[in-house]
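So this block is protein-v6.tsv, TSV, C-alpha atoms and all ligand atoms:
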chain	number	residue	atom	x	y	z
A	291	MET	CA	-4.27	-3.41	-78.33
A	292	SER	CA	-4.24	-6.97	-77.06
A	293	PRO	CA	-7.72	-8.54	-77.12
A	294	SER	CA	-9.23	-8.67	-73.63
A	295	ARG	CA	-12.61	-8.98	-71.91
A	296	ASP	CA	-12.90	-5.17	-72.00
A	297	ASN	CA	-11.87	-5.10	-75.63
A	298	PRO	CA	-12.98	-8.41	-77.18
A	299	ARG	CA	-11.81	-9.22	-80.69
A	300	LYS	CA	-14.76	-9.71	-83.07
A	301	ILE	CA	-14.41	-12.84	-85.18
A	302	VAL	CA	-16.35	-14.01	-88.24
A	303	LEU	CA	-15.98	-17.80	-88.38
A	304	LEU	CA	-16.42	-19.40	-91.81
A	305	GLY	CA	-16.48	-23.20	-91.70
A	306	ALA	CA	-17.66	-23.26	-88.08
A	307	THR	CA	-18.74	-26.92	-88.02
A	308	GLY	CA	-15.59	-28.37	-89.62
A	309	SER	CA	-12.38	-29.54	-88.00
A	310	ILE	CA	-10.68	-26.10	-87.83
A	311	GLY	CA	-13.99	-24.50	-86.83
A	312	HIS	CA	-14.30	-26.98	-83.97
A	313	SER	CA	-10.80	-26.18	-82.65
A	314	THR	CA	-11.45	-22.44	-83.06
A	315	THR	CA	-14.71	-22.48	-81.08
A	316	ARG	CA	-13.02	-24.58	-78.40
A	317	LEU	CA	-10.25	-21.96	-78.04
A	318	ILE	CA	-12.78	-19.11	-78.04
A	319	ALA	CA	-14.81	-20.84	-75.30
A	320	GLU	CA	-11.65	-21.39	-73.20
A	321	ALA	CA	-10.63	-17.73	-73.68
A	322	ASP	CA	-13.87	-16.79	-71.89
A	323	GLY	CA	-14.94	-13.41	-73.30
A	324	ILE	CA	-11.68	-12.35	-75.00
A	325	TYR	CA	-13.20	-13.13	-78.40
A	326	GLU	CA	-16.72	-12.55	-79.70
A	327	ILE	CA	-18.16	-14.31	-82.74
A	328	SER	CA	-20.09	-11.88	-84.96
A	329	ALA	CA	-21.13	-14.39	-87.63
A	330	VAL	CA	-20.80	-18.10	-88.36
A	331	ALA	CA	-21.14	-20.02	-91.62
A	332	SER	CA	-21.06	-23.68	-92.56
A	333	GLY	CA	-21.84	-26.03	-95.44
A	334	SER	CA	-24.85	-28.16	-94.58
A	335	ASP	CA	-24.76	-29.08	-90.87
A	336	ALA	CA	-27.76	-27.01	-89.64
A	337	GLU	CA	-27.91	-28.54	-86.15
A	338	GLY	CA	-24.18	-28.11	-85.56
A	339	LEU	CA	-24.27	-24.52	-86.79
A	340	ALA	CA	-27.30	-23.64	-84.64
A	341	ARG	CA	-25.62	-25.17	-81.56
A	342	ILE	CA	-22.54	-22.94	-82.07
A	343	ALA	CA	-24.64	-19.83	-82.82
A	344	ARG	CA	-26.66	-20.34	-79.64
A	345	LYS	CA	-23.66	-21.19	-77.45
A	346	PHE	CA	-21.71	-18.08	-78.49
A	347	ASN	CA	-24.70	-15.76	-78.90
A	348	VAL	CA	-23.80	-15.12	-82.54
A	349	PRO	CA	-26.11	-12.57	-84.21
A	350	PHE	CA	-25.96	-14.08	-87.73
A	351	ALA	CA	-25.67	-17.66	-89.04
A	352	ALA	CA	-25.36	-18.58	-92.73
A	353	ILE	CA	-25.60	-22.05	-94.22
A	354	ALA	CA	-24.41	-22.75	-97.78
A	355	ASP	CA	-26.86	-25.58	-98.49
A	356	VAL	CA	-30.28	-24.02	-99.24
A	357	LYS	CA	-31.97	-27.35	-98.43
A	358	ALA	CA	-30.75	-26.97	-94.83
A	359	TYR	CA	-32.44	-23.57	-94.33
A	360	THR	CA	-35.64	-24.83	-92.70
A	361	ALA	CA	-33.70	-27.04	-90.31
A	362	LEU	CA	-31.47	-24.10	-89.36
A	363	LYS	CA	-34.41	-21.74	-88.90
A	364	ASN	CA	-36.22	-24.29	-86.70
A	365	ALA	CA	-33.12	-25.00	-84.64
A	366	LEU	CA	-32.68	-21.24	-84.03
A	367	SER	CA	-36.34	-20.43	-83.37
A	368	GLY	CA	-36.87	-18.24	-80.31
A	369	SER	CA	-33.15	-17.34	-80.13
A	370	GLY	CA	-33.40	-14.03	-82.00
A	371	ILE	CA	-30.45	-15.15	-84.14
A	372	GLU	CA	-30.81	-14.10	-87.76
A	373	CYS	CA	-30.11	-16.77	-90.39
A	374	ALA	CA	-29.87	-17.15	-94.16
A	375	ALA	CA	-28.96	-19.84	-96.70
A	376	GLY	CA	-27.09	-20.15	-99.99
A	377	ALA	CA	-23.64	-19.25	-101.28
A	378	GLU	CA	-24.55	-15.52	-101.18
A	379	ALA	CA	-25.49	-15.82	-97.50
A	380	VAL	CA	-22.02	-17.20	-96.72
A	381	VAL	CA	-20.46	-14.26	-98.62
A	382	GLU	CA	-22.74	-11.93	-96.62
A	383	ALA	CA	-21.43	-13.45	-93.36
A	384	ALA	CA	-17.84	-13.03	-94.63
A	385	SER	CA	-18.54	-9.37	-95.40
A	386	LEU	CA	-19.93	-8.32	-91.98
A	387	PRO	CA	-17.84	-5.85	-89.97
A	388	CYS	CA	-15.31	-7.60	-87.69
A	389	ASP	CA	-11.69	-7.56	-86.49
A	390	MET	CA	-10.79	-10.88	-88.10
A	391	VAL	CA	-12.27	-13.42	-90.50
A	392	VAL	CA	-11.29	-17.04	-89.85
A	393	ALA	CA	-11.50	-18.60	-93.32
A	394	ALA	CA	-11.83	-22.28	-92.49
A	395	ILE	CA	-14.29	-23.58	-95.09
A	396	ALA	CA	-12.79	-26.75	-96.58
A	397	GLY	CA	-12.31	-26.85	-100.34
A	398	THR	CA	-13.00	-24.50	-103.23
A	399	HIS	CA	-16.41	-23.50	-101.74
A	400	GLY	CA	-14.32	-21.34	-99.44
A	401	VAL	CA	-12.71	-19.25	-102.17
A	402	ALA	CA	-15.53	-16.74	-102.87
A	403	PRO	CA	-16.28	-15.85	-99.20
A	404	THR	CA	-12.54	-15.66	-98.34
A	405	CYS	CA	-11.90	-13.35	-101.28
A	406	ALA	CA	-14.95	-11.23	-100.36
A	407	ALA	CA	-13.30	-10.58	-96.98
A	408	LEU	CA	-9.96	-9.79	-98.67
A	409	GLY	CA	-11.74	-7.36	-101.00
A	410	LEU	CA	-13.06	-5.51	-97.93
A	411	GLY	CA	-9.57	-5.17	-96.49
A	412	ARG	CA	-10.22	-7.52	-93.55
A	413	THR	CA	-7.58	-9.36	-91.58
A	414	VAL	CA	-8.06	-12.95	-92.72
A	415	ALA	CA	-6.76	-15.95	-90.77
A	416	LEU	CA	-6.43	-18.30	-93.71
A	417	ALA	CA	-7.03	-22.03	-93.33
A	418	ASN	CA	-8.66	-22.37	-96.77
A	419	LYS	CA	-5.63	-23.20	-98.93
A	420	GLU	CA	-7.78	-23.41	-102.09
A	421	SER	CA	-8.08	-19.60	-102.14
A	422	LEU	CA	-4.38	-19.42	-102.96
A	423	VAL	CA	-4.19	-22.60	-105.07
A	424	CYS	CA	-7.25	-21.98	-107.25
A	425	ALA	CA	-6.99	-18.18	-107.44
A	426	GLY	CA	-3.54	-17.35	-106.00
A	427	THR	CA	-2.40	-14.42	-108.14
A	428	ALA	CA	-5.86	-12.80	-108.25
A	429	ALA	CA	-6.47	-13.28	-104.51
A	430	MET	CA	-3.07	-11.82	-103.54
A	431	ARG	CA	-3.63	-8.88	-105.89
A	432	LEU	CA	-7.03	-8.29	-104.29
A	433	ALA	CA	-5.52	-8.43	-100.79
A	434	ALA	CA	-2.76	-5.96	-101.73
A	435	LYS	CA	-5.20	-3.57	-103.40
A	436	HIS	CA	-7.43	-3.43	-100.31
A	437	ASN	CA	-4.67	-3.64	-97.69
A	438	ALA	CA	-6.05	-6.92	-96.36
A	439	ARG	CA	-3.67	-8.83	-94.10
A	440	ILE	CA	-3.47	-12.61	-94.43
A	441	LEU	CA	-2.40	-14.56	-91.34
A	442	PRO	CA	-1.50	-18.15	-92.25
A	443	MET	CA	-3.42	-20.66	-90.16
A	444	ASP	CA	-2.21	-23.78	-91.99
A	445	SER	CA	0.35	-25.26	-89.56
A	446	GLU	CA	3.31	-25.26	-92.00
A	447	HIS	CA	2.71	-21.71	-93.21
A	448	ASN	CA	2.10	-20.49	-89.70
A	449	ALA	CA	5.45	-22.03	-88.64
A	450	ILE	CA	7.24	-20.38	-91.59
A	451	PHE	CA	5.52	-17.05	-90.86
A	452	GLN	CA	6.88	-17.23	-87.31
A	453	ALA	CA	10.32	-18.53	-88.42
A	454	LEU	CA	10.60	-15.64	-90.89
A	455	GLY	CA	10.28	-13.24	-87.99
A	456	GLY	CA	9.53	-10.30	-90.25
A	457	GLU	CA	12.67	-10.74	-92.39
A	458	HIS	CA	12.42	-9.75	-96.02
A	459	PRO	CA	11.72	-12.72	-98.35
A	460	SER	CA	14.73	-11.67	-100.48
A	461	HIS	CA	17.03	-12.86	-97.62
A	462	VAL	CA	15.54	-16.34	-97.83
A	463	GLU	CA	17.43	-19.05	-99.66
A	464	VAL	CA	15.05	-21.95	-99.05
A	465	MET	CA	11.66	-22.32	-97.40
A	466	THR	CA	10.95	-25.88	-96.34
A	467	LEU	CA	7.54	-27.32	-95.55
A	468	THR	CA	7.59	-30.56	-93.63
A	469	ALA	CA	5.24	-33.48	-94.29
A	470	SER	CA	4.47	-36.34	-91.92
A	471	GLY	CA	4.54	-38.69	-94.91
A	472	GLY	CA	0.98	-39.81	-94.13
A	473	PRO	CA	-0.24	-43.38	-93.54
A	474	PHE	CA	1.59	-44.80	-96.62
A	475	ARG	CA	5.07	-43.45	-95.86
A	476	LEU	CA	6.52	-46.96	-95.46
A	477	TRP	CA	4.23	-48.77	-97.93
A	478	THR	CA	5.49	-50.15	-101.24
A	479	GLN	CA	4.14	-48.82	-104.52
A	480	ASP	CA	2.07	-52.00	-105.01
A	481	GLN	CA	0.54	-51.67	-101.55
A	482	ILE	CA	-0.31	-48.00	-102.15
A	483	ALA	CA	-1.88	-48.87	-105.51
A	484	ALA	CA	-4.34	-51.16	-103.70
A	485	ALA	CA	-5.04	-48.76	-100.79
A	486	THR	CA	-8.67	-48.38	-99.70
A	487	PRO	CA	-10.39	-45.13	-98.60
A	488	ALA	CA	-10.40	-46.35	-94.98
A	489	GLU	CA	-6.61	-46.90	-95.11
A	490	ALA	CA	-6.05	-43.44	-96.64
A	491	LEU	CA	-8.21	-41.85	-93.93
A	492	ALA	CA	-6.12	-43.28	-91.08
A	493	HIS	CA	-3.66	-40.38	-90.67
A	494	PRO	CA	-0.95	-41.04	-88.06
A	495	ASN	CA	-0.60	-37.50	-86.56
A	496	TRP	CA	-3.37	-35.10	-87.56
A	497	LEU	CA	-7.14	-35.27	-87.17
A	498	MET	CA	-8.63	-33.49	-90.21
A	499	GLY	CA	-11.53	-33.59	-92.68
A	500	PRO	CA	-11.67	-36.42	-95.29
A	501	LYS	CA	-10.49	-34.38	-98.34
A	502	VAL	CA	-7.32	-33.07	-96.71
A	503	THR	CA	-6.64	-36.48	-95.10
A	504	VAL	CA	-6.68	-38.24	-98.49
A	505	ASP	CA	-4.52	-35.40	-99.88
A	506	SER	CA	-2.09	-36.03	-97.02
A	507	ALA	CA	-1.90	-39.73	-97.90
A	508	SER	CA	-1.03	-38.93	-101.54
A	509	LEU	CA	1.20	-35.95	-100.56
A	510	MET	CA	-0.98	-33.80	-102.85
A	511	ASN	CA	-1.70	-31.78	-99.71
A	512	LYS	CA	1.99	-30.84	-99.48
A	513	GLY	CA	1.95	-29.89	-103.16
A	514	LEU	CA	-1.09	-27.63	-102.62
A	515	GLU	CA	0.72	-26.13	-99.62
A	516	LEU	CA	3.80	-25.37	-101.74
A	517	ILE	CA	1.57	-23.40	-104.15
A	518	GLU	CA	-0.05	-21.69	-101.15
A	519	ALA	CA	3.40	-20.73	-99.75
A	520	HIS	CA	4.56	-19.47	-103.16
A	521	HIS	CA	1.73	-16.91	-103.21
A	522	LEU	CA	1.55	-16.17	-99.49
A	523	PHE	CA	5.24	-15.38	-99.05
A	524	GLY	CA	5.93	-14.19	-102.61
A	525	ILE	CA	8.69	-16.78	-102.87
A	526	SER	CA	9.77	-18.31	-106.19
A	527	PRO	CA	9.05	-22.03	-106.79
A	528	GLU	CA	12.80	-22.92	-106.93
A	529	LYS	CA	13.23	-21.75	-103.33
A	530	LEU	CA	10.49	-24.04	-101.95
A	531	ALA	CA	11.24	-27.53	-100.64
A	532	VAL	CA	9.51	-30.45	-98.92
A	533	LEU	CA	11.03	-32.56	-96.17
A	534	VAL	CA	9.37	-35.68	-94.74
A	535	HIS	CA	9.41	-35.56	-90.93
A	536	PRO	CA	7.23	-38.32	-89.45
A	537	GLN	CA	6.94	-36.84	-85.92
A	538	SER	CA	5.33	-33.56	-87.17
A	539	ILE	CA	7.13	-31.41	-84.58
A	540	ILE	CA	8.98	-29.07	-86.94
A	541	HIS	CA	6.33	-27.69	-89.30
A	542	GLY	CA	8.40	-25.34	-91.42
A	543	LEU	CA	11.98	-24.09	-91.82
A	544	VAL	CA	13.53	-20.97	-93.29
A	545	SER	CA	17.14	-21.10	-94.53
A	546	PHE	CA	18.78	-17.70	-94.95
A	547	ALA	CA	21.59	-16.65	-97.29
A	548	ASP	CA	24.16	-16.59	-94.44
A	549	GLY	CA	23.57	-20.26	-93.54
A	550	SER	CA	21.25	-19.60	-90.59
A	551	VAL	CA	18.16	-21.78	-90.38
A	552	THR	CA	15.10	-21.04	-88.23
A	553	ALA	CA	12.43	-23.64	-87.56
A	554	GLY	CA	8.83	-23.36	-86.41
A	555	MET	CA	8.10	-26.10	-83.89
A	556	ALA	CA	5.09	-27.18	-81.85
A	557	CYS	CA	3.12	-30.28	-80.90
A	558	PRO	CA	0.96	-31.39	-83.85
A	559	ASP	CA	-2.22	-29.72	-82.61
A	560	MET	CA	-4.13	-27.26	-84.82
A	561	ARG	CA	-5.15	-25.24	-81.76
A	562	ILE	CA	-1.59	-23.85	-81.63
A	563	PRO	CA	-1.51	-22.10	-85.07
A	564	ILE	CA	-5.18	-21.10	-84.61
A	565	ALA	CA	-4.42	-19.48	-81.23
A	566	HIS	CA	-1.42	-17.69	-82.74
A	567	CYS	CA	-3.62	-16.16	-85.46
A	568	LEU	CA	-6.54	-15.29	-83.14
A	569	SER	CA	-4.39	-13.23	-80.77
A	570	TRP	CA	-1.79	-11.96	-83.30
A	571	PRO	CA	0.34	-9.87	-82.92
A	572	HIS	CA	-0.07	-10.59	-79.19
A	573	ARG	CA	0.26	-13.98	-77.54
A	574	LEU	CA	-2.28	-15.32	-75.10
A	575	PRO	CA	-1.83	-18.44	-72.96
A	576	THR	CA	-3.89	-21.51	-73.96
A	577	ALA	CA	-4.43	-25.02	-72.65
A	578	SER	CA	-2.76	-26.55	-75.73
A	579	PRO	CA	-0.11	-29.27	-75.20
A	580	LYS	CA	3.45	-28.01	-74.64
A	581	LEU	CA	6.42	-29.43	-76.50
A	582	ASP	CA	8.66	-31.84	-74.52
A	583	LEU	CA	11.71	-32.59	-76.67
A	584	ALA	CA	13.41	-34.74	-74.03
A	585	ALA	CA	10.35	-37.03	-73.98
A	586	LEU	CA	10.41	-37.22	-77.78
A	587	ALA	CA	14.19	-37.91	-77.72
A	588	SER	CA	14.67	-37.90	-81.50
A	589	LEU	CA	13.34	-36.27	-84.62
A	590	THR	CA	13.92	-37.87	-88.03
A	591	PHE	CA	13.88	-36.59	-91.59
A	592	GLU	CA	13.87	-38.06	-95.09
A	593	ALA	CA	13.49	-36.82	-98.67
A	594	PRO	CA	10.04	-37.25	-100.28
A	595	ASP	CA	9.73	-40.15	-102.75
A	596	MET	CA	8.25	-38.76	-105.97
A	597	THR	CA	7.87	-42.25	-107.49
A	598	ARG	CA	5.52	-43.56	-104.82
A	599	PHE	CA	3.90	-40.13	-104.41
A	600	PRO	CA	3.52	-38.75	-107.96
A	601	ALA	CA	0.84	-36.23	-106.85
A	602	LEU	CA	3.55	-34.13	-105.17
A	603	GLN	CA	5.55	-33.94	-108.41
A	604	LEU	CA	2.38	-32.93	-110.34
A	605	ALA	CA	1.76	-30.05	-107.94
A	606	ILE	CA	5.40	-28.94	-108.21
A	607	ASP	CA	5.10	-29.03	-112.02
A	608	ALA	CA	1.87	-26.97	-111.87
A	609	MET	CA	3.49	-24.46	-109.49
A	610	ARG	CA	6.58	-24.08	-111.72
A	611	GLU	CA	4.46	-23.74	-114.87
A	612	GLY	CA	2.12	-21.35	-113.02
A	613	LYS	CA	-0.58	-19.43	-114.88
A	614	GLY	CA	-3.82	-21.47	-114.85
A	615	LEU	CA	-2.28	-24.87	-114.09
A	616	PRO	CA	-2.63	-24.75	-110.29
A	617	THR	CA	-6.35	-23.96	-110.81
A	618	VAL	CA	-6.66	-27.01	-113.09
A	619	LEU	CA	-4.67	-29.24	-110.71
A	620	ASN	CA	-6.87	-28.25	-107.76
A	621	ALA	CA	-10.16	-28.82	-109.63
A	622	ALA	CA	-9.12	-32.19	-111.05
A	623	ASN	CA	-7.80	-33.32	-107.68
A	624	GLU	CA	-11.11	-32.46	-105.98
A	625	VAL	CA	-13.00	-34.67	-108.43
A	626	ALA	CA	-10.35	-37.39	-108.08
A	627	VAL	CA	-10.54	-37.44	-104.27
A	628	GLU	CA	-14.37	-37.54	-104.34
A	629	ALA	CA	-14.24	-40.50	-106.76
A	630	PHE	CA	-11.61	-42.31	-104.65
A	631	LEU	CA	-13.62	-41.80	-101.43
A	632	ALA	CA	-16.73	-43.10	-103.23
A	633	GLY	CA	-14.78	-46.25	-104.15
A	634	ARG	CA	-15.03	-45.49	-107.88
A	635	ILE	CA	-11.30	-45.20	-108.67
A	636	GLY	CA	-8.06	-46.51	-107.19
A	637	PHE	CA	-5.43	-44.52	-105.31
A	638	TYR	CA	-3.06	-43.86	-108.20
A	639	ALA	CA	-5.97	-43.15	-110.58
A	640	MET	CA	-6.25	-39.85	-108.70
A	641	SER	CA	-2.88	-38.56	-109.96
A	642	THR	CA	-3.58	-40.03	-113.41
A	643	LEU	CA	-6.77	-37.96	-113.64
A	644	VAL	CA	-4.95	-34.81	-112.49
A	645	LEU	CA	-2.21	-35.35	-115.10
A	646	GLU	CA	-4.82	-35.89	-117.85
A	647	ALA	CA	-6.65	-32.71	-116.86
A	648	MET	CA	-3.41	-30.68	-116.84
A	649	ASN	CA	-2.40	-32.02	-120.27
A	650	ALA	CA	-5.89	-31.35	-121.68
A	651	ALA	CA	-5.84	-27.78	-120.31
A	652	VAL	CA	-2.49	-27.09	-121.97
A	653	ARG	CA	-3.76	-28.56	-125.29
A	654	SER	CA	-7.02	-26.56	-125.25
A	655	GLY	CA	-5.39	-23.26	-124.26
A	656	MET	CA	-7.11	-23.21	-120.83
A	657	ALA	CA	-3.87	-23.00	-118.88
A	658	VAL	CA	-3.75	-19.19	-119.02
A	659	GLU	CA	-3.59	-17.04	-115.89
A	660	PRO	CA	-7.10	-16.27	-114.53
A	661	VAL	CA	-7.34	-12.46	-114.33
A	662	SER	CA	-9.80	-12.45	-111.43
A	663	VAL	CA	-11.08	-14.70	-108.65
A	664	ASP	CA	-14.35	-15.13	-110.59
A	665	GLU	CA	-12.46	-16.26	-113.66
A	666	ALA	CA	-10.42	-18.75	-111.62
A	667	LEU	CA	-13.67	-20.16	-110.21
A	668	ALA	CA	-15.15	-20.39	-113.71
A	669	VAL	CA	-12.11	-22.40	-114.89
A	670	HIS	CA	-12.45	-24.55	-111.76
A	671	HIS	CA	-16.03	-25.50	-112.68
A	672	VAL	CA	-15.21	-26.22	-116.34
A	673	VAL	CA	-12.33	-28.50	-115.32
A	674	ARG	CA	-14.50	-30.25	-112.71
A	675	ASP	CA	-17.21	-30.93	-115.32
A	676	ARG	CA	-14.65	-32.27	-117.79
A	677	CYS	CA	-13.14	-34.58	-115.19
A	678	LEU	CA	-16.58	-35.83	-114.11
A	679	ALA	CA	-17.44	-36.52	-117.78
A	680	LEU	CA	-14.14	-38.34	-118.22
A	681	LEU	CA	-14.82	-40.59	-115.21
A	682	ALA	CA	-18.46	-41.20	-116.24
A	683	GLY	CA	-17.29	-42.21	-119.74
A	684	ARG	CA	-14.89	-44.70	-118.23
A	685	HIS	CA	-17.51	-46.28	-115.98
A	686	SER	CA	-20.42	-46.45	-118.45
B	1	MG	MG	-0.94	-28.19	-93.41

When written as structure tokens, how does the structure in this file appear?
Amino acid sequence: MSPSRDNPRKIVLLGATGSIGHSTTRLIAEADGIYEISAVASGSDAEGLARIARKFNVPFAAIADVKAYTALKNALSGSGIECAAGAEAVVEAASLPCDMVVAAIAGTHGVAPTCAALGLGRTVALANKESLVCAGTAAMRLAAKHNARILPMDSEHNAIFQALGGEHPSHVEVMTLTASGGPFRLWTQDQIAAATPAEALAHPNWLMGPKVTVDSASLMNKGLELIEAHHLFGISPEKLAVLVHPQSIIHGLVSFADGSVTAGMACPDMRIPIAHCLSWPHRLPTASPKLDLAALASLTFEAPDMTRFPALQLAIDAMREGKGLPTVLNAANEVAVEAFLAGRIGFYAMSTLVLEAMNAAVRSGMAVEPVSVDEALAVHHVVRDRCLALLAGRHS
């Protein structure tokens, strides 16, 4: 049944105070009673979380950072809203009964709660790509075992999901994810080498959190998305491609064996794929911008440059090699982006660190397939610690 005011869809929103969370609550507010939020969770923004919980009359709010508990409790006092803190509290929120879990926690912190929802057979609108990069095989196995449906909320995967139109993946010859090319698309290698965090954070088309924005500048984000698509659609790495498309109007393309190509198009606004997931398989009108191709006049495309953007090639190598390498790539890249944003390493030192971590994992026999989500997360933490030690050694 289509969600309506008489039959509101109950949503658990993980990552409520982030960029996707913000767009989701905006859509839910505009839909005026068609959706209900049964639980919210966030990282450490107690005030922001309390504001959302109060505004939407949410019965339960969980905050990952235990130090933020008192602030959350105070901000909710007198509201009757229950609250809790810590990683287990976020998993508890993810596990509450609902019609759909919006998994929008940024980064690998989002893996455990997302996979808890999958293990309960929930419908999960997935914006947390790390669940499928860090723990892809184990997470997909968990979803299949418990009949959990994953709706892709990432714009490229959402476009491909729609362009597929229910066709069997075996009919697909190529799946193409587009990339805007980020702020350094036209920069020389020397210019990119000297790029500052502020320059990397100035994305031309999308407004996103800092981690994914830096990943977009290095094209690592597109590499992570290839790995995500590989698991999500069960498509082999050789059939996945990247196309640079600076206008970000076509988000994904599916080429079929008979030469037909379907494309998923929309204005670059995250509210569009979010709205598609929230109301799926129905479609509800929203106030999002509508596409005007005559006003745009032209769309352009170019091949990605692996020399200036080596991070994309590293992710492709990790995807092709498979097993534990995507887990290692993701962990090393997280440390690398944190160090770059803190001004401790240069732009290309990020891909150097990722390559070193991948080589070290192969040498030490750590590149084996994690058998469970917990094991993938354990590998993630070991790799993170090794990368942090490596960087500390270099700077001491
Ligand atoms: Mg994306």

Can I get the residues of chain A within 12 Å of ligand MG 1 (chain B), each with the closest pair of atoms and their distance in Å to one decimal, using all atoms listed in the file, sorted chain first then ascending number, as JSON lines?
{"residue": "A:Ile310", "atom": "CA", "partner": "B:MG1", "partner_atom": "MG", "distance": 11.4}
{"residue": "A:Leu416", "atom": "CA", "partner": "B:MG1", "partner_atom": "MG", "distance": 11.3}
{"residue": "A:Ala417", "atom": "CA", "partner": "B:MG1", "partner_atom": "MG", "distance": 8.7}
{"residue": "A:Asn418", "atom": "CA", "partner": "B:MG1", "partner_atom": "MG", "distance": 10.2}
{"residue": "A:Lys419", "atom": "CA", "partner": "B:MG1", "partner_atom": "MG", "distance": 8.8}
{"residue": "A:Pro442", "atom": "CA", "partner": "B:MG1", "partner_atom": "MG", "distance": 10.1}
{"residue": "A:Met443", "atom": "CA", "partner": "B:MG1", "partner_atom": "MG", "distance": 8.6}
{"residue": "A:Asp444", "atom": "CA", "partner": "B:MG1", "partner_atom": "MG", "distance": 4.8}
{"residue": "A:Ser445", "atom": "CA", "partner": "B:MG1", "partner_atom": "MG", "distance": 5.0}
{"residue": "A:Glu446", "atom": "CA", "partner": "B:MG1", "partner_atom": "MG", "distance": 5.4}
{"residue": "A:His447", "atom": "CA", "partner": "B:MG1", "partner_atom": "MG", "distance": 7.4}
{"residue": "A:Asn448", "atom": "CA", "partner": "B:MG1", "partner_atom": "MG", "distance": 9.1}
{"residue": "A:Ala449", "atom": "CA", "partner": "B:MG1", "partner_atom": "MG", "distance": 10.1}
{"residue": "A:Ile450", "atom": "CA", "partner": "B:MG1", "partner_atom": "MG", "distance": 11.5}
{"residue": "A:Leu467", "atom": "CA", "partner": "B:MG1", "partner_atom": "MG", "distance": 8.8}
{"residue": "A:Thr468", "atom": "CA", "partner": "B:MG1", "partner_atom": "MG", "distance": 8.9}
{"residue": "A:Ala469", "atom": "CA", "partner": "B:MG1", "partner_atom": "MG", "distance": 8.2}
{"residue": "A:Ser470", "atom": "CA", "partner": "B:MG1", "partner_atom": "MG", "distance": 9.9}
{"residue": "A:Gly471", "atom": "CA", "partner": "B:MG1", "partner_atom": "MG", "distance": 11.9}
{"residue": "A:Gly472", "atom": "CA", "partner": "B:MG1", "partner_atom": "MG", "distance": 11.8}
{"residue": "A:Asn495", "atom": "CA", "partner": "B:MG1", "partner_atom": "MG", "distance": 11.6}
{"residue": "A:Trp496", "atom": "CA", "partner": "B:MG1", "partner_atom": "MG", "distance": 9.4}
{"residue": "A:Leu497", "atom": "CA", "partner": "B:MG1", "partner_atom": "MG", "distance": 11.3}
{"residue": "A:Met498", "atom": "CA", "partner": "B:MG1", "partner_atom": "MG", "distance": 9.9}
{"residue": "A:Gly499", "atom": "CA", "partner": "B:MG1", "partner_atom": "MG", "distance": 11.9}
{"residue": "A:Val502", "atom": "CA", "partner": "B:MG1", "partner_atom": "MG", "distance": 8.7}
{"residue": "A:Thr503", "atom": "CA", "partner": "B:MG1", "partner_atom": "MG", "distance": 10.2}
{"residue": "A:Asp505", "atom": "CA", "partner": "B:MG1", "partner_atom": "MG", "distance": 10.3}
{"residue": "A:Ser506", "atom": "CA", "partner": "B:MG1", "partner_atom": "MG", "distance": 8.7}
{"residue": "A:Leu509", "atom": "CA", "partner": "B:MG1", "partner_atom": "MG", "distance": 10.8}
{"residue": "A:Met510", "atom": "CA", "partner": "B:MG1", "partner_atom": "MG", "distance": 11.0}
{"residue": "A:Asn511", "atom": "CA", "partner": "B:MG1", "partner_atom": "MG", "distance": 7.3}
{"residue": "A:Lys512", "atom": "CA", "partner": "B:MG1", "partner_atom": "MG", "distance": 7.2}
{"residue": "A:Gly513", "atom": "CA", "partner": "B:MG1", "partner_atom": "MG", "distance": 10.3}
{"residue": "A:Leu514", "atom": "CA", "partner": "B:MG1", "partner_atom": "MG", "distance": 9.2}
{"residue": "A:Glu515", "atom": "CA", "partner": "B:MG1", "partner_atom": "MG", "distance": 6.8}
{"residue": "A:Leu516", "atom": "CA", "partner": "B:MG1", "partner_atom": "MG", "distance": 10.0}
{"residue": "A:Glu518", "atom": "CA", "partner": "B:MG1", "partner_atom": "MG", "distance": 10.1}
{"residue": "A:Ala519", "atom": "CA", "partner": "B:MG1", "partner_atom": "MG", "distance": 10.7}
{"residue": "A:Ser538", "atom": "CA", "partner": "B:MG1", "partner_atom": "MG", "distance": 10.3}
{"residue": "A:Ile540", "atom": "CA", "partner": "B:MG1", "partner_atom": "MG", "distance": 11.9}
{"residue": "A:His541", "atom": "CA", "partner": "B:MG1", "partner_atom": "MG", "distance": 8.4}
{"residue": "A:Gly542", "atom": "CA", "partner": "B:MG1", "partner_atom": "MG", "distance": 10.0}
{"residue": "A:Pro558", "atom": "CA", "partner": "B:MG1", "partner_atom": "MG", "distance": 10.3}
{"residue": "A:Asp559", "atom": "CA", "partner": "B:MG1", "partner_atom": "MG", "distance": 11.0}
{"residue": "A:Met560", "atom": "CA", "partner": "B:MG1", "partner_atom": "MG", "distance": 9.2}
{"residue": "A:Pro563", "atom": "CA", "partner": "B:MG1", "partner_atom": "MG", "distance": 10.3}

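Atom pair CA of Gly397 (chain A) / CA of Val618 (chain A) has a distance of 13.9 Å (rounded to one decimal).
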
If we count only C-alpha atoms, what is near region 627-638 of chain A at a cut-off of 8 Å, once residues fewer than 6 positions away on the same chain are taken out, given as a PyMOL selection string? chain A and resi 482-487+501+504-505

Which neighbours of region 652-668 of chain A fall inside 9 Å, counting only C-alpha atoms, when residues of the same chain fewer than 3 positions from it are skipped, and could you give them as a ChimeraX atom specification? /A:398,401-402,405,421,424-429,432,612-618,647-649,671-673

Ref. answer, residues at most 12 Å from (-30.9, -18.6, -87.1) with only C-alpha atoms, as a PyMOL selection string: chain A and resi 329-331+336-344+347-353+358-375
